[in-house]
Amino acid sequence: MVSKAEEAELNRLETQVDNGGGGAWEYLSLVRKLKVRRSHKVLNYGLSILNDSRKRSSLGQEEWTLYEQVAIAALDCQAIDVAKDCIKVLQKKFPQSNRVGRLEAMLLEAKELWAEAEKAYASFLEENPCDQIVHKRRVALAKSQGNIAVAIEWLNKYLETFMADHDAWRELAELYVSLQMYKQAVFCYEELILSQPTVPLYHLAYADVLYTLGGLENLQTAKKYYASTIDLSGGKNTRALFGVCLCTSAIAQLTRGRNREDKEGPELQSLAATALEKDYMQRAPHKLSLLSSVLKSLKVSP
């Protein structure tokens, strides 16, 4: 994940380049380092360097890195002819390269030649079963065709080998949620929380899925993870604050008259409601009445 400081630096360089102040190469290098996809900017800035022979030659061996970066950005932007030109240059320079071969397969994807792309990826994996990029391209290929079940199958196979890939676990969880397979998504988020316990996003997503599943035990656990999200985010996560209120209200309804009342619930709910009011007063005062109406429907008072 990109930090606020890194995001600010990207935006600063972007503004500088757009205003004619230079820094295109620095921007492209930072995009690669942070592994973010700003494809339209990468395509424009990259071509401004590649189309200038003086600038291009000044890169030395990094010239080939730039051709690859621009090719991928062009595929993202459906600039097929630009992608073809970049890949041809790389094919000539590195005729037996699997890395260039992957770009060729991605070009087949962009042309929606699904069967040919799948055949190419399968061939790469026969040669190197541990090629993470190719495994992920197969998942992307299945998603492009709307075949989520196959994407899930391939992601599960990938995670049997690369269990520490947090992005893959998160992707798998989101695919399960898209198919309303919430119990499977719960398992994925548990894996993420175990490996990265201080990331509030995982706590929040886990709580959301548990709340969706419903039931007393799930709601109680969801409330705990909404609370931990609030703690990890310094009390500033609006969605988690709402989550606490929703869970506490639902738990109260389920336990009414059963001698299993949630003793901590009302106090925590009141604190969350107070924090929500402060947040709305600062950022959306015109919606305070709407917030009050929602809280009233949940029988919450700050």
# chains A, B, ... in the order shown; residues from 1 in each chain; ligands from 1

$ residues_around --residues "Tyr280 in chain A" --least-positions-apart "2" --cutoff "12 Å" --atoms "only C-alpha atoms" --output "list in words"
Lys236, Asn237, Thr238, Leu241, Ala273, Thr274, Ala275, Leu276, Glu277, Lys278, Gln282, Arg283, Ala284, Pro285, His286, Lys287, Leu288, Ser289, Leu290, Leu291 and Ser292 of chain A

$ residues_around --residues "Arg38 in chain A" --least-positions-apart "4" --cutoff "10 Å" --atoms "only C-alpha atoms" --output "PDB file with N, CA, C and O atoms, in the first residue's frame"
ATOM      1  N   LEU A  28       8.196   8.167 -13.496  1.00  0.00           N
ATOM      2  CA  LEU A  28       8.068   6.792 -13.981  1.00  0.00           C
ATOM      3  C   LEU A  28       8.818   5.816 -13.079  1.00  0.00           C
ATOM      4  O   LEU A  28       8.343   4.707 -12.820  1.00  0.00           O
ATOM      5  N   VAL A  31       6.757   5.333  -9.907  1.00  0.00           N
ATOM      6  CA  VAL A  31       5.598   4.479 -10.187  1.00  0.00           C
ATOM      7  C   VAL A  31       6.016   3.008 -10.167  1.00  0.00           C
ATOM      8  O   VAL A  31       5.321   2.158  -9.599  1.00  0.00           O
ATOM      9  N   VAL A  42       1.648   7.253 -17.289  1.00  0.00           N
ATOM     10  CA  VAL A  42       2.834   6.485 -17.673  1.00  0.00           C
ATOM     11  C   VAL A  42       2.959   6.443 -19.188  1.00  0.00           C
ATOM     12  O   VAL A  42       4.054   6.617 -19.746  1.00  0.00           O
ATOM     13  N   LEU A  43       1.850   6.230 -19.868  1.00  0.00           N
ATOM     14  CA  LEU A  43       1.873   6.175 -21.329  1.00  0.00           C
ATOM     15  C   LEU A  43       2.327   7.507 -21.916  1.00  0.00           C
ATOM     16  O   LEU A  43       3.224   7.551 -22.776  1.00  0.00           O
ATOM     17  N   ALA A  73       1.425  -0.101 -19.869  1.00  0.00           N
ATOM     18  CA  ALA A  73       0.492   1.029 -19.748  1.00  0.00           C
ATOM     19  C   ALA A  73      -0.369   1.151 -20.998  1.00  0.00           C
ATOM     20  O   ALA A  73      -1.574   1.436 -20.921  1.00  0.00           O
ATOM     21  N   ASP A  76      -3.105  -1.357 -20.892  1.00  0.00           N
ATOM     22  CA  ASP A  76      -4.152  -0.901 -19.969  1.00  0.00           C
ATOM     23  C   ASP A  76      -5.070   0.112 -20.636  1.00  0.00           C
ATOM     24  O   ASP A  76      -6.279   0.140 -20.373  1.00  0.00           O
TER      25      ASP A  76
END

$ select_by_dssp --residues "range 44-273 of chain A" --states "alpha helix (DSSP H)" --output "JSON, numbers by chain"
{"A": [44, 45, 46, 47, 48, 49, 50, 53, 54, 55, 56, 57, 62, 63, 64, 65, 66, 67, 68, 69, 70, 71, 72, 73, 74, 75, 76, 80, 81, 82, 83, 84, 85, 86, 87, 88, 89, 90, 91, 92, 93, 98, 99, 100, 101, 102, 103, 104, 105, 106, 107, 108, 109, 110, 114, 115, 116, 117, 118, 119, 120, 121, 122, 123, 124, 125, 126, 127, 132, 133, 134, 135, 136, 137, 138, 139, 140, 141, 142, 143, 144, 148, 149, 150, 151, 152, 153, 154, 155, 156, 157, 158, 159, 160, 161, 166, 167, 168, 169, 170, 171, 172, 173, 174, 175, 176, 177, 178, 182, 183, 184, 185, 186, 187, 188, 189, 190, 191, 192, 193, 194, 195, 200, 201, 202, 203, 204, 205, 206, 207, 208, 209, 210, 211, 212, 213, 216, 217, 218, 219, 220, 221, 222, 223, 224, 225, 226, 227, 228, 229, 230, 231, 232, 238, 239, 240, 241, 242, 243, 244, 245, 246, 247, 248, 249, 250, 251, 252, 253, 254, 255, 265, 266, 267, 268, 269, 270, 271, 272, 273]}

$ closest_residue --among "A:Thr161, A:Ser228, A:Ser233, A:Ser144" --to "Asp131 in chain A" --atoms "only C-alpha atoms"
A:Thr161

$ residues_around --residues "Asn51 in chain A" --least-positions-apart "6" --cutoff "12 Å" --atoms "only C-alpha atoms" --output "JSON, numbers by chain"
{"A": [43, 44, 45, 57, 63, 66, 67, 70, 82, 85, 86]}

$ residues_around --residues "Ala117 in chain A" --least-positions-apart "2" --cutoff "10 Å" --atoms "only C-alpha atoms" --output "list of chain:residue names"
A:Arg102, A:Glu104, A:Ala105, A:Met106, A:Leu107, A:Leu108, A:Glu109, A:Ala110, A:Lys111, A:Glu112, A:Leu113, A:Trp114, A:Ala115, A:Lys119, A:Ala120, A:Tyr121, A:Ala122, A:Ser123, A:Arg137, A:Arg138, A:Leu141

$ atom_distance --atom1 "CA of Gly214 in chain A" --atom2 "CA of Gly235 in chain A"
24.6 Å

$ residues_around --residues "range 8-20 of chain A" --least-positions-apart "2" --cutoff "12 Å" --atoms "only C-alpha atoms" --output "PDB file with all heavy atoms, in the first residue's frame"
ATOM      1  N   VAL A   2       0.420   2.255  -0.700  1.00  0.00           N
ATOM      2  CA  VAL A   2       1.171   3.501  -0.832  1.00  0.00           C
ATOM      3  C   VAL A   2       0.879   4.401   0.363  1.00  0.00           C
ATOM      4  O   VAL A   2      -0.281   4.601   0.732  1.00  0.00           O
ATOM      5  CB  VAL A   2       0.800   4.213  -2.144  1.00  0.00           C
ATOM      6  CG1 VAL A   2       1.569   5.509  -2.278  1.00  0.00           C
ATOM      7  CG2 VAL A   2       1.064   3.310  -3.338  1.00  0.00           C
ATOM      8  N   SER A   3       1.929   4.937   0.968  1.00  0.00           N
ATOM      9  CA  SER A   3       1.745   5.838   2.105  1.00  0.00           C
ATOM     10  C   SER A   3       1.289   7.210   1.614  1.00  0.00           C
ATOM     11  O   SER A   3       1.383   7.532   0.421  1.00  0.00           O
ATOM     12  CB  SER A   3       3.051   5.973   2.886  1.00  0.00           C
ATOM     13  OG  SER A   3       4.002   6.696   2.122  1.00  0.00           O
ATOM     14  N   LYS A   4       0.820   8.017   2.549  1.00  0.00           N
ATOM     15  CA  LYS A   4       0.384   9.372   2.190  1.00  0.00           C
ATOM     16  C   LYS A   4       1.541  10.202   1.652  1.00  0.00           C
ATOM     17  O   LYS A   4       1.373  10.994   0.726  1.00  0.00           O
ATOM     18  CB  LYS A   4      -0.235  10.048   3.415  1.00  0.00           C
ATOM     19  CG  LYS A   4      -1.592   9.494   3.815  1.00  0.00           C
ATOM     20  CD  LYS A   4      -2.187  10.268   4.976  1.00  0.00           C
ATOM     21  CE  LYS A   4      -3.565   9.728   5.348  1.00  0.00           C
ATOM     22  NZ  LYS A   4      -4.158  10.455   6.499  1.00  0.00           N
ATOM     23  N   ALA A   5       2.726   9.999   2.236  1.00  0.00           N
ATOM     24  CA  ALA A   5       3.905  10.744   1.776  1.00  0.00           C
ATOM     25  C   ALA A   5       4.279  10.348   0.355  1.00  0.00           C
ATOM     26  O   ALA A   5       4.623  11.202  -0.480  1.00  0.00           O
ATOM     27  CB  ALA A   5       5.077  10.490   2.724  1.00  0.00           C
ATOM     28  N   GLU A   6       4.193   9.044   0.062  1.00  0.00           N
ATOM     29  CA  GLU A   6       4.517   8.562  -1.286  1.00  0.00           C
ATOM     30  C   GLU A   6       3.485   9.057  -2.299  1.00  0.00           C
ATOM     31  O   GLU A   6       3.832   9.448  -3.419  1.00  0.00           O
ATOM     32  CB  GLU A   6       4.584   7.035  -1.275  1.00  0.00           C
ATOM     33  CG  GLU A   6       5.791   6.494  -0.522  1.00  0.00           C
ATOM     34  CD  GLU A   6       5.687   5.008  -0.236  1.00  0.00           C
ATOM     35  OE1 GLU A   6       4.554   4.483  -0.191  1.00  0.00           O
ATOM     36  OE2 GLU A   6       6.725   4.371  -0.030  1.00  0.00           O
ATOM     37  N   GLY A  22       9.644  19.253 -16.146  1.00  0.00           N
ATOM     38  CA  GLY A  22      10.525  18.089 -16.188  1.00  0.00           C
ATOM     39  C   GLY A  22      10.218  17.121 -15.059  1.00  0.00           C
ATOM     40  O   GLY A  22       9.295  17.319 -14.272  1.00  0.00           O
ATOM     41  N   GLY A  23      11.009  16.054 -15.003  1.00  0.00           N
ATOM     42  CA  GLY A  23      10.831  15.055 -13.950  1.00  0.00           C
ATOM     43  C   GLY A  23      10.046  13.835 -14.388  1.00  0.00           C
ATOM     44  O   GLY A  23       9.629  13.035 -13.547  1.00  0.00           O
ATOM     45  N   ALA A  24       9.846  13.669 -15.705  1.00  0.00           N
ATOM     46  CA  ALA A  24       9.063  12.529 -16.199  1.00  0.00           C
ATOM     47  C   ALA A  24       9.707  11.204 -15.809  1.00  0.00           C
ATOM     48  O   ALA A  24       9.023  10.280 -15.362  1.00  0.00           O
ATOM     49  CB  ALA A  24       8.907  12.619 -17.720  1.00  0.00           C
ATOM     50  N   TRP A  25      11.038  11.113 -15.967  1.00  0.00           N
ATOM     51  CA  TRP A  25      11.722   9.862 -15.639  1.00  0.00           C
ATOM     52  C   TRP A  25      11.641   9.564 -14.153  1.00  0.00           C
ATOM     53  O   TRP A  25      11.428   8.417 -13.748  1.00  0.00           O
ATOM     54  CB  TRP A  25      13.174   9.904 -16.105  1.00  0.00           C
ATOM     55  CG  TRP A  25      13.939   8.675 -15.699  1.00  0.00           C
ATOM     56  CD1 TRP A  25      14.949   8.581 -14.795  1.00  0.00           C
ATOM     57  CD2 TRP A  25      13.725   7.346 -16.188  1.00  0.00           C
ATOM     58  NE1 TRP A  25      15.378   7.294 -14.676  1.00  0.00           N
ATOM     59  CE2 TRP A  25      14.643   6.510 -15.523  1.00  0.00           C
ATOM     60  CE3 TRP A  25      12.847   6.783 -17.109  1.00  0.00           C
ATOM     61  CZ2 TRP A  25      14.714   5.131 -15.765  1.00  0.00           C
ATOM     62  CZ3 TRP A  25      12.907   5.405 -17.348  1.00  0.00           C
ATOM     63  CH2 TRP A  25      13.836   4.611 -16.678  1.00  0.00           C
ATOM     64  N   GLU A  26      11.784  10.599 -13.316  1.00  0.00           N
ATOM     65  CA  GLU A  26      11.678  10.406 -11.866  1.00  0.00           C
ATOM     66  C   GLU A  26      10.286   9.892 -11.507  1.00  0.00           C
ATOM     67  O   GLU A  26      10.140   9.002 -10.664  1.00  0.00           O
ATOM     68  CB  GLU A  26      11.954  11.724 -11.133  1.00  0.00           C
ATOM     69  CG  GLU A  26      13.399  12.171 -11.151  1.00  0.00           C
ATOM     70  CD  GLU A  26      13.809  12.814 -12.470  1.00  0.00           C
ATOM     71  OE1 GLU A  26      12.924  12.985 -13.365  1.00  0.00           O
ATOM     72  OE2 GLU A  26      15.008  13.132 -12.626  1.00  0.00           O
ATOM     73  N   TYR A  27       9.275  10.441 -12.166  1.00  0.00           N
ATOM     74  CA  TYR A  27       7.901  10.000 -11.919  1.00  0.00           C
ATOM     75  C   TYR A  27       7.730   8.527 -12.312  1.00  0.00           C
ATOM     76  O   TYR A  27       7.184   7.717 -11.548  1.00  0.00           O
ATOM     77  CB  TYR A  27       6.933  10.868 -12.712  1.00  0.00           C
ATOM     78  CG  TYR A  27       5.486  10.446 -12.594  1.00  0.00           C
ATOM     79  CD1 TYR A  27       4.697  10.905 -11.549  1.00  0.00           C
ATOM     80  CD2 TYR A  27       4.917   9.584 -13.541  1.00  0.00           C
ATOM     81  CE1 TYR A  27       3.363  10.517 -11.437  1.00  0.00           C
ATOM     82  CE2 TYR A  27       3.594   9.189 -13.431  1.00  0.00           C
ATOM     83  CZ  TYR A  27       2.823   9.652 -12.378  1.00  0.00           C
ATOM     84  OH  TYR A  27       1.512   9.253 -12.273  1.00  0.00           O
ATOM     85  N   LEU A  28       8.196   8.167 -13.496  1.00  0.00           N
ATOM     86  CA  LEU A  28       8.068   6.792 -13.981  1.00  0.00           C
ATOM     87  C   LEU A  28       8.818   5.816 -13.079  1.00  0.00           C
ATOM     88  O   LEU A  28       8.343   4.707 -12.820  1.00  0.00           O
ATOM     89  CB  LEU A  28       8.584   6.702 -15.416  1.00  0.00           C
ATOM     90  CG  LEU A  28       7.770   7.485 -16.454  1.00  0.00           C
ATOM     91  CD1 LEU A  28       8.547   7.619 -17.762  1.00  0.00           C
ATOM     92  CD2 LEU A  28       6.428   6.806 -16.704  1.00  0.00           C
ATOM     93  N   SER A  29       9.982   6.240 -12.600  1.00  0.00           N
ATOM     94  CA  SER A  29      10.768   5.385 -11.700  1.00  0.00           C
ATOM     95  C   SER A  29      10.033   5.164 -10.383  1.00  0.00           C
ATOM     96  O   SER A  29      10.023   4.052  -9.842  1.00  0.00           O
ATOM     97  CB  SER A  29      12.141   6.016 -11.433  1.00  0.00           C
ATOM     98  OG  SER A  29      12.880   6.141 -12.634  1.00  0.00           O
ATOM     99  N   LEU A  30       9.398   6.224  -9.877  1.00  0.00           N
ATOM    100  CA  LEU A  30       8.665   6.110  -8.615  1.00  0.00           C
ATOM    101  C   LEU A  30       7.431   5.222  -8.784  1.00  0.00           C
ATOM    102  O   LEU A  30       7.101   4.432  -7.886  1.00  0.00           O
ATOM    103  CB  LEU A  30       8.261   7.497  -8.118  1.00  0.00           C
ATOM    104  CG  LEU A  30       7.598   7.556  -6.726  1.00  0.00           C
ATOM    105  CD1 LEU A  30       8.503   6.953  -5.660  1.00  0.00           C
ATOM    106  CD2 LEU A  30       7.240   9.007  -6.368  1.00  0.00           C
ATOM    107  N   VAL A  31       6.757   5.333  -9.907  1.00  0.00           N
ATOM    108  CA  VAL A  31       5.598   4.479 -10.187  1.00  0.00           C
ATOM    109  C   VAL A  31       6.016   3.008 -10.167  1.00  0.00           C
ATOM    110  O   VAL A  31       5.321   2.158  -9.599  1.00  0.00           O
ATOM    111  CB  VAL A  31       4.967   4.840 -11.550  1.00  0.00           C
ATOM    112  CG1 VAL A  31       3.998   3.752 -12.013  1.00  0.00           C
ATOM    113  CG2 VAL A  31       4.230   6.174 -11.450  1.00  0.00           C
ATOM    114  N   ARG A  32       7.168   2.702 -10.767  1.00  0.00           N
ATOM    115  CA  ARG A  32       7.662   1.317 -10.762  1.00  0.00           C
ATOM    116  C   ARG A  32       8.025   0.873  -9.354  1.00  0.00           C
ATOM    117  O   ARG A  32       7.699  -0.238  -8.927  1.00  0.00           O
ATOM    118  CB  ARG A  32       8.894   1.180 -11.666  1.00  0.00           C
ATOM    119  CG  ARG A  32       8.608   1.253 -13.143  1.00  0.00           C
ATOM    120  CD  ARG A  32       9.763   0.670 -13.954  1.00  0.00           C
ATOM    121  NE  ARG A  32      11.025   1.294 -13.629  1.00  0.00           N
ATOM    122  CZ  ARG A  32      11.480   2.437 -14.165  1.00  0.00           C
ATOM    123  NH1 ARG A  32      10.730   3.066 -15.056  1.00  0.00           N
ATOM    124  NH2 ARG A  32      12.647   2.930 -13.838  1.00  0.00           N
ATOM    125  N   LYS A  33       8.689   1.743  -8.624  1.00  0.00           N
ATOM    126  CA  LYS A  33       9.112   1.400  -7.274  1.00  0.00           C
ATOM    127  C   LYS A  33       7.919   1.110  -6.364  1.00  0.00           C
ATOM    128  O   LYS A  33       7.931   0.147  -5.584  1.00  0.00           O
ATOM    129  CB  LYS A  33       9.936   2.546  -6.681  1.00  0.00           C
ATOM    130  CG  LYS A  33      10.406   2.310  -5.251  1.00  0.00           C
ATOM    131  CD  LYS A  33      11.135   3.521  -4.699  1.00  0.00           C
ATOM    132  CE  LYS A  33      11.499   3.331  -3.233  1.00  0.00           C
ATOM    133  NZ  LYS A  33      12.169   4.532  -2.671  1.00  0.00           N
ATOM    134  N   LEU A  34       6.872   1.920  -6.475  1.00  0.00           N
ATOM    135  CA  LEU A  34       5.703   1.770  -5.615  1.00  0.00           C
ATOM    136  C   LEU A  34       4.709   0.734  -6.153  1.00  0.00           C
ATOM    137  O   LEU A  34       3.744   0.388  -5.470  1.00  0.00           O
ATOM    138  CB  LEU A  34       4.987   3.118  -5.459  1.00  0.00           C
ATOM    139  CG  LEU A  34       5.802   4.236  -4.808  1.00  0.00           C
ATOM    140  CD1 LEU A  34       4.986   5.520  -4.746  1.00  0.00           C
ATOM    141  CD2 LEU A  34       6.266   3.839  -3.416  1.00  0.00           C
ATOM    142  N   LYS A  35       4.960   0.271  -7.382  1.00  0.00           N
ATOM    143  CA  LYS A  35       4.100  -0.737  -8.014  1.00  0.00           C
ATOM    144  C   LYS A  35       2.648  -0.280  -8.105  1.00  0.00           C
ATOM    145  O   LYS A  35       1.717  -1.020  -7.777  1.00  0.00           O
ATOM    146  CB  LYS A  35       4.197  -2.072  -7.267  1.00  0.00           C
ATOM    147  CG  LYS A  35       5.589  -2.682  -7.287  1.00  0.00           C
ATOM    148  CD  LYS A  35       5.640  -3.999  -6.540  1.00  0.00           C
ATOM    149  CE  LYS A  35       7.046  -4.572  -6.570  1.00  0.00           C
ATOM    150  NZ  LYS A  35       7.140  -5.852  -5.823  1.00  0.00           N
ATOM    151  N   VAL A  36       2.474   0.963  -8.534  1.00  0.00           N
ATOM    152  CA  VAL A  36       1.128   1.498  -8.746  1.00  0.00           C
ATOM    153  C   VAL A  36       0.865   1.581 -10.245  1.00  0.00           C
ATOM    154  O   VAL A  36       1.792   1.578 -11.051  1.00  0.00           O
ATOM    155  CB  VAL A  36       0.952   2.884  -8.091  1.00  0.00           C
ATOM    156  CG1 VAL A  36       1.063   2.774  -6.591  1.00  0.00           C
ATOM    157  CG2 VAL A  36       1.970   3.892  -8.624  1.00  0.00           C
ATOM    158  N   ARG A  37      -0.410   1.636 -10.605  1.00  0.00           N
ATOM    159  CA  ARG A  37      -0.773   1.701 -12.014  1.00  0.00           C
ATOM    160  C   ARG A  37      -1.432   3.050 -12.292  1.00  0.00           C
ATOM    161  O   ARG A  37      -2.597   3.252 -11.953  1.00  0.00           O
ATOM    162  CB  ARG A  37      -1.739   0.573 -12.376  1.00  0.00           C
ATOM    163  CG  ARG A  37      -1.201  -0.829 -12.191  1.00  0.00           C
ATOM    164  CD  ARG A  37      -0.195  -1.211 -13.243  1.00  0.00           C
ATOM    165  NE  ARG A  37      -0.801  -1.739 -14.441  1.00  0.00           N
ATOM    166  CZ  ARG A  37      -1.050  -3.024 -14.650  1.00  0.00           C
ATOM    167  NH1 ARG A  37      -0.790  -3.914 -13.726  1.00  0.00           N
ATOM    168  NH2 ARG A  37      -1.579  -3.423 -15.790  1.00  0.00           N
ATOM    169  N   ARG A  38      -0.673   3.952 -12.884  1.00  0.00           N
ATOM    170  CA  ARG A  38      -1.241   5.218 -13.369  1.00  0.00           C
ATOM    171  C   ARG A  38      -1.024   5.243 -14.877  1.00  0.00           C
ATOM    172  O   ARG A  38      -0.200   5.998 -15.401  1.00  0.00           O
ATOM    173  CB  ARG A  38      -0.574   6.401 -12.667  1.00  0.00           C
ATOM    174  CG  ARG A  38      -0.870   6.439 -11.171  1.00  0.00           C
ATOM    175  CD  ARG A  38      -0.540   7.779 -10.572  1.00  0.00           C
ATOM    176  NE  ARG A  38      -0.974   7.896  -9.190  1.00  0.00           N
ATOM    177  CZ  ARG A  38      -0.869   9.005  -8.466  1.00  0.00           C
ATOM    178  NH1 ARG A  38      -0.360  10.104  -8.993  1.00  0.00           N
ATOM    179  NH2 ARG A  38      -1.290   9.034  -7.218  1.00  0.00           N
ATOM    180  N   HIS A  40      -2.440   6.051 -17.808  1.00  0.00           N
ATOM    181  CA  HIS A  40      -2.503   7.145 -18.788  1.00  0.00           C
ATOM    182  C   HIS A  40      -1.295   8.072 -18.651  1.00  0.00           C
ATOM    183  O   HIS A  40      -0.704   8.495 -19.665  1.00  0.00           O
ATOM    184  CB  HIS A  40      -3.800   7.936 -18.619  1.00  0.00           C
ATOM    185  CG  HIS A  40      -4.992   7.229 -19.179  1.00  0.00           C
ATOM    186  ND1 HIS A  40      -5.787   6.402 -18.409  1.00  0.00           N
ATOM    187  CD2 HIS A  40      -5.508   7.183 -20.445  1.00  0.00           C
ATOM    188  CE1 HIS A  40      -6.746   5.895 -19.170  1.00  0.00           C
ATOM    189  NE2 HIS A  40      -6.608   6.352 -20.400  1.00  0.00           N
ATOM    190  N   LYS A  41      -0.916   8.378 -17.415  1.00  0.00           N
ATOM    191  CA  LYS A  41       0.246   9.234 -17.197  1.00  0.00           C
ATOM    192  C   LYS A  41       1.524   8.529 -17.628  1.00  0.00           C
ATOM    193  O   LYS A  41       2.400   9.137 -18.262  1.00  0.00           O
ATOM    194  CB  LYS A  41       0.335   9.632 -15.720  1.00  0.00           C
ATOM    195  CG  LYS A  41      -0.791  10.537 -15.242  1.00  0.00           C
ATOM    196  CD  LYS A  41      -0.721  11.903 -15.910  1.00  0.00           C
ATOM    197  CE  LYS A  41      -1.790  12.837 -15.377  1.00  0.00           C
ATOM    198  NZ  LYS A  41      -1.786  14.162 -16.054  1.00  0.00           N
ATOM    199  N   VAL A  42       1.648   7.253 -17.289  1.00  0.00           N
ATOM    200  CA  VAL A  42       2.834   6.485 -17.673  1.00  0.00           C
ATOM    201  C   VAL A  42       2.959   6.443 -19.188  1.00  0.00           C
ATOM    202  O   VAL A  42       4.054   6.617 -19.746  1.00  0.00           O
ATOM    203  CB  VAL A  42       2.777   5.057 -17.092  1.00  0.00           C
ATOM    204  CG1 VAL A  42       3.848   4.166 -17.725  1.00  0.00           C
ATOM    205  CG2 VAL A  42       2.966   5.098 -15.580  1.00  0.00           C
ATOM    206  N   ASN A  44       1.757   8.593 -21.453  1.00  0.00           N
ATOM    207  CA  ASN A  44       2.098   9.916 -21.992  1.00  0.00           C
ATOM    208  C   ASN A  44       3.537  10.309 -21.681  1.00  0.00           C
ATOM    209  O   ASN A  44       4.279  10.754 -22.565  1.00  0.00           O
ATOM    210  CB  ASN A  44       1.141  10.973 -21.442  1.00  0.00           C
ATOM    211  CG  ASN A  44      -0.274  10.798 -21.968  1.00  0.00           C
ATOM    212  OD1 ASN A  44      -0.469  10.251 -23.063  1.00  0.00           O
ATOM    213  ND2 ASN A  44      -1.264  11.237 -21.211  1.00  0.00           N
ATOM    214  N   TYR A  45       3.925  10.163 -20.415  1.00  0.00           N
ATOM    215  CA  TYR A  45       5.276  10.555 -20.015  1.00  0.00           C
ATOM    216  C   TYR A  45       6.324   9.641 -20.652  1.00  0.00           C
ATOM    217  O   TYR A  45       7.399  10.093 -21.068  1.00  0.00           O
ATOM    218  CB  TYR A  45       5.441  10.526 -18.493  1.00  0.00           C
ATOM    219  CG  TYR A  45       4.536  11.469 -17.734  1.00  0.00           C
ATOM    220  CD1 TYR A  45       4.380  11.337 -16.349  1.00  0.00           C
ATOM    221  CD2 TYR A  45       3.822  12.479 -18.368  1.00  0.00           C
ATOM    222  CE1 TYR A  45       3.555  12.194 -15.630  1.00  0.00           C
ATOM    223  CE2 TYR A  45       2.993  13.334 -17.668  1.00  0.00           C
ATOM    224  CZ  TYR A  45       2.858  13.190 -16.289  1.00  0.00           C
ATOM    225  OH  TYR A  45       2.040  14.034 -15.585  1.00  0.00           O
ATOM    226  N   GLY A  46       5.996   8.339 -20.699  1.00  0.00           N
ATOM    227  CA  GLY A  46       6.945   7.390 -21.283  1.00  0.00           C
ATOM    228  C   GLY A  46       7.189   7.656 -22.754  1.00  0.00           C
ATOM    229  O   GLY A  46       8.334   7.640 -23.228  1.00  0.00           O
ATOM    230  N   SER A  48       6.889  10.463 -24.248  1.00  0.00           N
ATOM    231  CA  SER A  48       7.623  11.726 -24.410  1.00  0.00           C
ATOM    232  C   SER A  48       9.127  11.494 -24.340  1.00  0.00           C
ATOM    233  O   SER A  48       9.901  12.247 -24.946  1.00  0.00           O
ATOM    234  CB  SER A  48       7.194  12.737 -23.337  1.00  0.00           C
ATOM    235  OG  SER A  48       7.686  12.373 -22.060  1.00  0.00           O
TER     236      SER A  48
END

$ residues_around --residues "Lys143 in chain A" --least-positions-apart "6" --cutoff "12 Å" --atoms "only C-alpha atoms" --output "NGL selection string"
:A and (109 or 114 or 136-137 or 149-155 or 171-172 or 175 or 178)

$ closest_residue --among "A:Gly21, A:Leu232, A:Tyr189, A:Thr248" --to "Leu216 in chain A" --atoms "only C-alpha atoms"
A:Thr248

$ closest_residue --among "A:Tyr176, A:Phe94, A:Tyr226, A:Tyr211" --to "Ala250 in chain A" --atoms "only C-alpha atoms"
A:Tyr211

$ closest_residue --among "A:Ala227, A:Ala168, A:Leu246, A:Leu213" --to "Ser297 in chain A" --atoms "only C-alpha atoms"
A:Leu246

$ atom_distance --atom1 "CA of Ile133 in chain A" --atom2 "CA of Asp167 in chain A"
12.6 Å
